[in-house]
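The file data26.txt contains compact mmCIF, C-alpha atoms and all ligand atoms:
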# COMPACT_ATOMS: atom_id res chain seq x y z
CA MET T 1 -7.88 -2.37 9.24
CA ARG T 2 -8.29 -4.71 6.24
CA ALA T 3 -9.92 -7.37 8.42
CA LEU T 4 -12.19 -4.79 10.02
CA ILE T 5 -13.39 -3.48 6.66
CA LEU T 6 -14.06 -7.00 5.36
CA LYS T 7 -16.00 -7.88 8.53
CA LEU T 8 -18.06 -4.68 8.49
CA ALA T 9 -18.80 -5.16 4.80
CA HIS T 10 -20.73 -8.33 5.70
CA LEU T 11 -23.27 -6.42 7.80
CA ARG T 12 -26.53 -5.90 5.95
CA ALA T 13 -26.88 -2.31 7.26
CA VAL T 14 -23.43 -1.40 5.91
CA GLU T 15 -24.25 -2.99 2.55
CA ASN T 16 -27.50 -1.01 2.32
CA PHE T 17 -25.68 2.19 3.21
CA VAL T 18 -22.91 1.63 0.64
CA ARG T 19 -25.39 0.69 -2.08
CA ARG T 20 -27.53 3.79 -1.49
CA SER T 21 -24.99 6.44 -0.59
CA ARG T 22 -23.93 8.83 -3.31
CA LEU T 23 -20.53 9.12 -1.64
CA PHE T 24 -19.52 5.69 -2.92
CA ARG T 25 -20.73 6.12 -6.48
CA GLY T 26 -17.53 7.67 -7.83
CA LEU T 27 -15.41 4.96 -6.26
CA VAL T 28 -17.66 2.20 -7.60
CA ARG T 29 -17.32 3.67 -11.08
CA ARG T 30 -13.56 3.75 -10.69
CA PHE T 31 -13.37 -0.02 -10.15
CA ILE T 32 -16.36 -1.31 -12.19
CA ALA T 33 -16.56 -0.79 -15.96
CA GLY T 34 -20.36 -0.59 -16.05
CA ASP T 35 -23.58 -2.52 -15.57
CA THR T 36 -23.71 -4.12 -19.00
CA LEU T 37 -21.51 -6.24 -21.27
CA GLU T 38 -21.76 -3.50 -23.90
CA GLU T 39 -20.20 -0.96 -21.51
CA ALA T 40 -17.47 -3.43 -20.53
CA LEU T 41 -16.66 -4.11 -24.18
CA ARG T 42 -16.41 -0.38 -24.85
CA VAL T 43 -13.95 -0.02 -21.97
CA SER T 44 -12.04 -3.07 -23.24
CA GLU T 45 -11.69 -1.56 -26.68
CA GLU T 46 -10.30 1.64 -25.19
CA LEU T 47 -7.76 -0.41 -23.24
CA THR T 48 -6.74 -2.58 -26.19
CA GLN T 49 -6.21 0.55 -28.27
CA LYS T 50 -3.54 1.46 -25.71
CA GLY T 51 -1.84 -1.90 -26.25
CA LEU T 52 -3.28 -3.52 -23.11
CA LEU T 53 -4.89 -6.97 -22.97
CA VAL T 54 -8.16 -7.61 -21.15
CA THR T 55 -9.93 -10.25 -19.10
CA LEU T 56 -13.64 -9.62 -18.62
CA ASP T 57 -15.39 -10.55 -15.37
CA ASN T 58 -19.16 -10.70 -15.02
CA LEU T 59 -19.57 -9.85 -11.33
CA GLY T 60 -21.36 -12.38 -9.14
CA GLU T 61 -20.49 -15.18 -6.77
CA ASN T 62 -22.07 -17.85 -4.57
CA THR T 63 -25.13 -18.72 -6.64
CA THR T 64 -27.75 -20.56 -4.61
CA SER T 65 -29.81 -22.30 -7.31
CA GLU T 66 -29.23 -24.42 -10.36
CA ALA T 67 -31.15 -21.91 -12.45
CA GLU T 68 -28.73 -19.13 -11.43
CA ALA T 69 -25.73 -21.32 -12.30
CA HIS T 70 -27.18 -21.95 -15.77
CA ALA T 71 -27.91 -18.24 -16.16
CA ALA T 72 -24.24 -17.52 -15.31
CA LYS T 73 -23.18 -20.08 -17.93
CA ASP T 74 -25.37 -18.36 -20.55
CA THR T 75 -23.83 -15.01 -19.64
CA TYR T 76 -20.26 -16.37 -19.97
CA ILE T 77 -21.10 -17.94 -23.32
CA GLY T 78 -22.65 -14.65 -24.45
CA MET T 79 -19.45 -12.85 -23.45
CA LEU T 80 -17.29 -15.28 -25.44
CA ARG T 81 -19.53 -14.92 -28.50
CA ALA T 82 -19.55 -11.11 -28.25
CA ILE T 83 -15.74 -11.10 -28.01
CA ALA T 84 -15.49 -13.36 -31.06
CA LYS T 85 -17.98 -11.25 -33.02
CA ARG T 86 -15.86 -8.16 -32.45
CA GLY T 87 -12.74 -10.04 -33.53
CA ILE T 88 -10.89 -9.33 -30.26
CA ALA T 89 -10.36 -12.89 -28.96
CA SER T 90 -6.59 -12.54 -29.31
CA SER T 91 -6.56 -9.69 -26.78
CA THR T 92 -9.64 -10.36 -24.61
CA ASN T 93 -10.50 -13.45 -22.59
CA ILE T 94 -12.79 -14.03 -19.60
CA SER T 95 -12.42 -14.79 -15.89
CA ILE T 96 -15.06 -16.78 -14.06
CA LYS T 97 -15.80 -17.98 -10.53
CA LEU T 98 -16.79 -21.57 -9.76
CA THR T 99 -19.20 -20.47 -7.02
CA GLN T 100 -21.00 -18.51 -9.73
CA CYS T 101 -21.19 -21.83 -11.66
CA GLY T 102 -22.91 -23.54 -8.71
CA LEU T 103 -19.98 -24.86 -6.63
CA ASP T 104 -22.00 -24.33 -3.42
CA LEU T 105 -24.62 -26.73 -4.80
CA SER T 106 -22.34 -29.47 -6.15
CA ASP T 107 -18.97 -30.13 -7.76
CA GLU T 108 -20.71 -31.87 -10.68
CA LEU T 109 -22.82 -28.79 -11.49
CA ALA T 110 -19.83 -26.42 -11.38
CA ARG T 111 -17.75 -28.81 -13.48
CA SER T 112 -20.41 -29.26 -16.15
CA VAL T 113 -20.94 -25.48 -16.44
CA LEU T 114 -17.17 -24.97 -16.71
CA GLU T 115 -16.87 -27.64 -19.41
CA GLU T 116 -19.62 -26.12 -21.53
CA VAL T 117 -18.06 -22.67 -21.23
CA LEU T 118 -14.62 -24.04 -22.17
CA ASP T 119 -16.05 -25.79 -25.22
CA VAL T 120 -17.53 -22.54 -26.51
CA ALA T 121 -14.27 -20.72 -25.74
CA ALA T 122 -12.36 -23.37 -27.71
CA GLU T 123 -14.64 -22.89 -30.73
CA HIS T 124 -13.50 -19.26 -30.75
CA GLY T 125 -9.85 -19.93 -29.89
CA ASN T 126 -10.28 -18.31 -26.48
CA PHE T 127 -9.12 -18.93 -22.91
CA VAL T 128 -11.03 -18.94 -19.61
CA ARG T 129 -9.35 -18.16 -16.28
CA VAL T 130 -10.95 -19.57 -13.13
CA ASP T 131 -10.54 -17.06 -10.28
CA MET T 132 -9.63 -18.37 -6.83
CA GLU T 133 -12.06 -17.64 -4.01
CA SER T 134 -11.73 -18.16 -0.25
CA SER T 135 -9.59 -21.01 1.14
CA ALA T 136 -12.67 -23.20 1.71
CA TYR T 137 -12.90 -23.64 -2.07
CA VAL T 138 -9.26 -24.18 -3.03
CA ASP T 139 -9.19 -28.01 -2.93
CA ARG T 140 -12.40 -28.41 -4.88
CA THR T 141 -11.44 -25.75 -7.42
CA LEU T 142 -8.07 -27.40 -8.10
CA ASP T 143 -9.58 -30.90 -8.27
CA ILE T 144 -12.22 -29.81 -10.78
CA LEU T 145 -9.67 -27.93 -12.86
CA GLU T 146 -7.19 -30.78 -12.92
CA ALA T 147 -9.90 -33.20 -14.08
CA VAL T 148 -11.22 -30.83 -16.75
CA PHE T 149 -7.72 -29.93 -17.94
CA GLN T 150 -7.09 -33.50 -19.10
CA THR T 151 -9.32 -32.87 -22.10
CA ARG T 152 -9.58 -29.07 -22.24
CA LYS T 153 -6.35 -27.12 -22.25
CA ASN T 154 -7.81 -23.62 -22.71
CA THR T 155 -8.08 -22.89 -19.02
CA GLY T 156 -5.92 -21.86 -16.09
CA THR T 157 -6.44 -20.70 -12.55
CA VAL T 158 -5.22 -18.43 -9.76
CA LEU T 159 -3.03 -19.10 -6.71
CA GLN T 160 -2.76 -16.82 -3.67
CA SER T 161 0.61 -16.15 -2.03
CA TYR T 162 -0.97 -15.57 1.41
CA LEU T 163 -1.89 -19.27 1.73
CA TYR T 164 0.74 -21.54 3.30
CA ARG T 165 -0.28 -24.35 0.94
CA THR T 166 0.41 -22.47 -2.29
CA PRO T 167 4.01 -23.68 -3.01
CA ASP T 168 2.65 -27.26 -3.11
CA ASP T 169 -0.32 -26.25 -5.26
CA LEU T 170 2.01 -24.47 -7.65
CA GLU T 171 4.14 -27.61 -8.10
CA ARG T 172 0.97 -29.59 -8.79
CA LEU T 173 -0.13 -27.17 -11.51
CA ILE T 174 3.34 -26.86 -13.05
CA ARG T 175 3.48 -30.67 -13.30
CA ILE T 176 0.37 -30.72 -15.49
CA GLY T 177 1.40 -27.61 -17.44
CA MET T 178 -1.43 -25.32 -16.34
CA ARG T 179 -1.15 -21.54 -16.53
CA VAL T 180 -1.31 -19.76 -13.18
CA ARG T 181 -2.18 -16.18 -12.26
CA LEU T 182 -0.38 -15.36 -9.02
CA VAL T 183 -2.10 -12.91 -6.64
CA LYS T 184 -1.56 -12.00 -2.99
CA GLY T 185 -5.11 -13.00 -1.98
CA ALA T 186 -8.17 -10.87 -1.24
CA TYR T 187 -10.24 -12.80 1.32
CA LEU T 188 -10.31 -12.74 5.09
CA GLU T 189 -8.47 -15.91 6.12
CA PRO T 190 -7.57 -17.27 9.57
CA PRO T 191 -3.90 -17.42 10.65
CA SER T 192 -4.14 -21.22 10.59
CA VAL T 193 -4.13 -21.14 6.77
CA ALA T 194 -2.72 -17.77 5.67
CA TYR T 195 0.03 -15.26 6.44
CA ARG T 196 -1.33 -12.11 8.04
CA ARG T 197 1.71 -9.85 7.77
CA LYS T 198 2.23 -8.07 4.46
CA ARG T 199 5.95 -8.77 4.71
CA ASP T 200 5.33 -12.54 4.72
CA VAL T 201 2.78 -12.41 1.92
CA ASP T 202 5.18 -10.38 -0.22
CA ARG T 203 8.13 -12.65 0.46
CA ALA T 204 6.07 -15.71 -0.51
CA TYR T 205 4.90 -13.84 -3.62
CA ILE T 206 8.45 -13.23 -4.79
CA GLN T 207 9.51 -16.84 -4.23
CA LEU T 208 6.47 -18.13 -6.11
CA THR T 209 7.05 -15.68 -8.96
CA GLU T 210 10.61 -16.91 -9.43
CA ARG T 211 9.44 -20.52 -9.50
CA MET T 212 6.74 -19.65 -12.04
CA LEU T 213 9.09 -17.80 -14.34
CA GLN T 214 11.53 -20.73 -14.35
CA SER T 215 8.78 -23.22 -15.27
CA GLY T 216 8.66 -22.38 -18.98
CA ILE T 217 4.85 -22.00 -18.80
CA TYR T 218 3.12 -18.75 -19.79
CA HIS T 219 2.02 -17.46 -16.36
CA ALA T 220 0.57 -14.19 -15.08
CA ILE T 221 2.04 -12.02 -12.33
CA ALA T 222 -0.98 -10.11 -11.02
CA THR T 223 -0.05 -7.28 -8.69
CA HIS T 224 0.18 -3.48 -8.49
CA ASP T 225 3.15 -3.72 -6.16
CA GLU T 226 5.94 -1.77 -7.86
CA ARG T 227 8.68 -3.39 -5.83
CA ILE T 228 7.56 -6.87 -6.85
CA ILE T 229 7.09 -5.80 -10.47
CA ARG T 230 10.62 -4.42 -10.51
CA HIS T 231 11.94 -7.66 -9.00
CA THR T 232 10.04 -9.72 -11.61
CA LYS T 233 11.50 -7.69 -14.47
CA ASP T 234 15.05 -7.99 -13.07
CA PHE T 235 14.70 -11.71 -12.43
CA ALA T 236 13.39 -12.34 -15.97
CA GLU T 237 16.18 -10.26 -17.44
CA ARG T 238 18.90 -12.02 -15.43
CA ASN T 239 17.56 -15.39 -16.53
CA GLY T 240 17.34 -14.47 -20.20
CA LEU T 241 13.53 -14.72 -20.35
CA ALA T 242 11.78 -12.87 -23.15
CA ARG T 243 9.47 -10.03 -22.11
CA ASP T 244 6.53 -11.80 -23.77
CA SER T 245 7.10 -15.14 -22.02
CA PHE T 246 4.76 -14.07 -19.17
CA GLU T 247 2.26 -11.30 -18.55
CA PHE T 248 1.55 -8.79 -15.82
CA GLN T 249 -2.06 -8.36 -14.76
CA MET T 250 -3.75 -5.50 -12.90
CA LEU T 251 -7.26 -4.49 -11.93
CA TYR T 252 -9.34 -1.96 -13.82
CA GLY T 253 -9.03 1.45 -12.19
CA ILE T 254 -5.79 0.75 -10.30
CA ARG T 255 -2.38 2.09 -11.34
CA ARG T 256 -3.27 2.92 -14.95
CA ASP T 257 0.02 4.82 -15.17
CA LEU T 258 1.97 1.69 -14.32
CA GLN T 259 -0.06 -0.44 -16.76
CA GLU T 260 0.76 1.89 -19.64
CA ALA T 261 4.41 2.30 -18.63
CA LEU T 262 4.91 -1.48 -18.71
CA VAL T 263 3.32 -1.72 -22.16
CA ALA T 264 5.67 1.02 -23.37
CA GLU T 265 8.61 -1.08 -22.11
CA GLY T 266 7.42 -4.05 -24.18
CA TYR T 267 5.70 -6.14 -21.48
CA ARG T 268 2.33 -7.79 -21.90
CA VAL T 269 -0.20 -6.33 -19.43
CA ARG T 270 -3.75 -7.63 -19.00
CA VAL T 271 -6.41 -5.57 -17.23
CA TYR T 272 -9.14 -7.35 -15.26
CA VAL T 273 -12.36 -5.56 -16.23
CA PRO T 274 -15.39 -6.33 -14.00
CA PHE T 275 -18.93 -5.38 -14.98
CA GLY T 276 -22.49 -6.03 -13.79
CA ASP T 277 -24.79 -4.90 -11.02
CA ARG T 278 -23.62 -7.45 -8.42
CA TRP T 279 -20.55 -5.39 -7.60
CA TYR T 280 -20.78 -5.20 -3.79
CA PRO T 281 -18.46 -8.07 -2.67
CA TYR T 282 -15.84 -7.22 -5.32
CA PHE T 283 -16.00 -3.54 -4.40
CA THR T 284 -15.56 -4.15 -0.66
CA ARG T 285 -12.46 -6.29 -1.32
CA ARG T 286 -10.99 -3.35 -3.26
CA LEU T 287 -11.78 -0.98 -0.39
CA ALA T 288 -10.20 -3.31 2.13
CA GLU T 289 -6.97 -3.45 0.13
CA ARG T 290 -6.56 0.26 0.48
CA PRO T 291 -7.98 1.67 3.71
CA ALA T 292 -7.08 5.14 2.39
CA ASN T 293 -10.09 4.73 0.07
CA VAL T 294 -12.39 4.31 3.07
CA LEU T 295 -10.75 7.09 5.09
CA PHE T 296 -11.33 9.43 2.16
CA ILE T 297 -15.05 8.62 2.23
CA LEU T 298 -15.30 8.90 6.00
CA LYS T 299 -13.69 12.35 5.89
CA ALA T 300 -16.20 13.44 3.25
CA LEU T 301 -19.01 12.06 5.44
CA PHE T 302 -17.94 14.05 8.48
CA ARG T 303 -17.45 17.18 6.42
CA ALA T 304 -20.97 16.87 4.96
C1 LIG X 401 -5.74 -9.29 -12.38
C2 LIG X 401 -6.03 -9.62 -10.94
C3 LIG X 401 -6.85 -10.70 -10.66
C4 LIG X 401 -7.10 -11.04 -9.32
N1 LIG X 401 -7.79 -12.20 -9.05
C5 LIG X 401 -7.90 -12.61 -7.74
C6 LIG X 401 -8.44 -13.88 -7.42
O1 LIG X 401 -8.84 -14.67 -8.29
N2 LIG X 401 -8.50 -14.24 -6.10
C7 LIG X 401 -8.04 -13.42 -5.09
O2 LIG X 401 -8.09 -13.79 -3.92
N3 LIG X 401 -7.55 -12.18 -5.39
C8 LIG X 401 -7.45 -11.78 -6.67
N4 LIG X 401 -6.90 -10.54 -6.95
C9 LIG X 401 -6.67 -9.56 -5.85
C10 LIG X 401 -5.34 -9.76 -5.15
O3 LIG X 401 -5.39 -10.91 -4.35
C11 LIG X 401 -4.98 -8.55 -4.27
O4 LIG X 401 -5.95 -8.41 -3.28
C12 LIG X 401 -4.87 -7.23 -5.01
O5 LIG X 401 -4.25 -7.40 -6.24
C13 LIG X 401 -4.06 -6.18 -4.20
O6 LIG X 401 -2.77 -6.65 -3.98
P1 LIG X 401 -1.45 -6.10 -4.71
O7 LIG X 401 -0.76 -7.31 -5.24
O8 LIG X 401 -1.76 -5.08 -5.70
O9 LIG X 401 -0.53 -5.59 -3.54
P2 LIG X 401 -0.77 -4.55 -2.36
O10 LIG X 401 0.44 -4.67 -1.49
O11 LIG X 401 -2.11 -4.74 -1.74
O12 LIG X 401 -0.78 -3.16 -3.10
C14 LIG X 401 0.37 -2.62 -3.76
C15 LIG X 401 0.00 -1.22 -4.25
O13 LIG X 401 -1.01 -1.31 -5.25
C16 LIG X 401 -1.96 -0.27 -5.11
N5 LIG X 401 -3.28 -0.85 -4.77
C17 LIG X 401 -3.53 -2.14 -4.47
N6 LIG X 401 -4.85 -2.32 -4.26
C18 LIG X 401 -5.44 -1.12 -4.42
C19 LIG X 401 -6.79 -0.66 -4.33
N7 LIG X 401 -7.79 -1.50 -4.05
N8 LIG X 401 -7.05 0.64 -4.56
C20 LIG X 401 -6.03 1.49 -4.89
N9 LIG X 401 -4.73 1.11 -4.99
C21 LIG X 401 -4.44 -0.18 -4.76
C22 LIG X 401 -1.45 0.62 -4.02
O14 LIG X 401 -0.64 1.60 -4.63
C23 LIG X 401 -0.61 -0.32 -3.18
O15 LIG X 401 0.39 0.34 -2.46
C24 LIG X 401 -6.60 -10.21 -8.27
C25 LIG X 401 -5.78 -9.14 -8.58
C26 LIG X 401 -5.47 -8.84 -9.88
C27 LIG X 401 -4.55 -7.70 -10.17
Can you present the structure in this file as structure tokens?
Amino acid sequence: MRALILKLAHLRAVENFVRRSRLFRGLVRRFIAGDTLEEALRVSEELTQKGLLVTLDNLGENTTSEAEAHAAKDTYIGMLRAIAKRGIASSTNISIKLTQCGLDLSDELARSVLEEVLDVAAEHGNFVRVDMESSAYVDRTLDILEAVFQTRKNTGTVLQSYLYRTPDDLERLIRIGMRVRLVKGAYLEPPSVAYRRKRDVDRAYIQLTERMLQSGIYHAIATHDERIIRHTKDFAERNGLARDSFEFQMLYGIRRDLQEALVAEGYRVRVYVPFGDRWYPYFTRRLAERPANVLFILKALFRA
């Protein structure tokens, strides 16, 4: 079902339908904080008042021109300055995508955009997380990050437990001391590179989490999976790790109850808050994760 939704989402007719249909509007609003940075900052402030941390994401990926990559850079820098101006850099950082920085055009362009963004973040004592995209980009993303990390330590990245290669990538990043956000993985990948069965993805996730927690680096466990969260808490407890020696991360609009419950227990929880009008690819990945979301819409369609 997940694969089917991701494949259908690529069809132009489906995209046009989803963008125009009123049926989807409520769901889009559930997952996306708004069209503008101002709206996203308002949402962030509401979250931080509840004791949550935030990472802001300006939606967009796969830029096709140098001008677009520079425009993305200006947006990221604007986000970092707005965060600093509001005095919330200790609770709010940003997440970016290298394909938004021009990775499809060249590694050099993406790297130079990343470096400029990191320099501005450093001026404001802030941190920039580089999201991980489909498996075609993993090598280049890690190579760029490793090179940049030699001189700029205020960055980290994401690894996906569905990829067979991830245990090796994790060792590579632990060796250099880079912070990792662990996720299950949201893209449609072939069985030659990624586990298909949830059971395998979850088992790999748990093994990777244990390795991360033992590394002594401040990592992020990004999942809404209650079973894995419970396992993470137990493992940390058994190994005498402080509750603030890692953080949980979740997506805006998903399991708010769980986010707040973890904060109440003394854990650090960061919410990924996306904003902007280029929400379609992000939104379809969220639908694919939970086919019940799509079934709900289809039922409404047939009832109408
Ligand atoms: C902070 C953060 C950053 C991320 N960054 C990346 C990234 O850089 N690259 C990448 O490939 N992926 C990223 N992801 C997405 C990730 O790969 C998964 O696709 C996503 O988190 C769903 O997996 P899960 O771990 O919650 O587990 P699942 O087993 O999919 O879900 C567990 C439970 O969570 C709830 N849930 C999960 N998804 C939804 C949903 N869409 N709607 C409603 N309920 C839901 C349900 O209750 C479900 O039973 C990120 C996720 C988070 C939380």
Open item on the list: From the options T:Arg255, T:Arg203, T:Arg181, T:Arg2, which residue's atoms come nearest to His231 (chain T), counting all atoms listed in the file?
Closed with: T:Arg203
Open item on the list: Please determine, counting only C-alpha atoms, which residue among T:Tyr218, T:Tyr162, T:Tyr282, T:Tyr272 has the shortest atom-to-atom distance to Ala194 (chain T).
Closed with: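 Counting only C-alpha atoms, the residue closest to Ala194 (chain T) is T:Tyr162.
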Task: Which residue of T:Lys85, T:His70, T:His219, T:Arg29 approaches Met178 (chain T) most closely, using all atoms listed in the file - done: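 For Met178 (chain T), the nearest of the candidates is T:His219.
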Open item on the list: Within 6 Å of ligand LIG 401 (chain X) (counting all atoms listed in the file), which residues show up? I'd like them as a PyMOL selection string.
Closed with: chain T and resi 131-133+158+183-187+222-225+249-251+254+272+286-287+289-290
- [ ] Enter the distance from CA of Lys233 (chain T) to CA of Glu46 (chain T), in Å, rounded to one decimal.
- [x] 26.0 Å
- [ ] Could you check how far CA of Ile96 (chain T) sits from CA of Tyr76 (chain T), in Å to one decimal?
- [x]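 Separation between CA of Ile96 (chain T) and CA of Tyr76 (chain T): 7.9 Å.
Here CA of Lys7 (chain T) and CA of Arg285 (chain T) stand 10.6 Å from one another.
With only C-alpha atoms as the atoms that count, the minimum distance from Thr157 (chain T) to the choices T:Val130, T:Ala3, T:Val54, T:Leu170 is reached by T:Val130.
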- [ ] Select, from T:Pro291, T:Leu56, T:Tyr280, T:Ile206, the residue with the minimum atom-to-atom distance to Val28 (chain T), counting only C-alpha atoms.
- [x]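 Smallest separation from Val28 (chain T) among the options: T:Tyr280.
Nearest to Gly125 (chain T) of all the residues T:Thr99, T:Asn154, T:Ser106, T:Gln207 is T:Asn154, based on all atoms listed in the file.
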TODO: Using all atoms listed in the file, collect all residues at a distance of at most 10 Å from (-0.5, -25.9, -15.7) as written in the file, then present them as an MDAnalysis selection string.
DONE: chainID T and resid 145:146 149 153 155:157 170:180 215 217:219
Task: Near-Gly102 (chain T) list (6 Å; all atoms listed in the file; drop same-chain fewer than 3 positions) as a PyMOL selection string - done: chain T and resi 63+69+99+105+109-110
Open item on the list: Residues within 10 Å of Ser90 (chain T), please, as a list in words. Count all atoms listed in the file; anything in the same chain fewer than 2 positions from it doesn't count.
Closed with: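 Answer for this query is Leu53, Val54, Ile83, Ala84, Gly87, Ile88, Thr92, Asn93, His124, Gly125, Asn126 and Phe127 of chain T.
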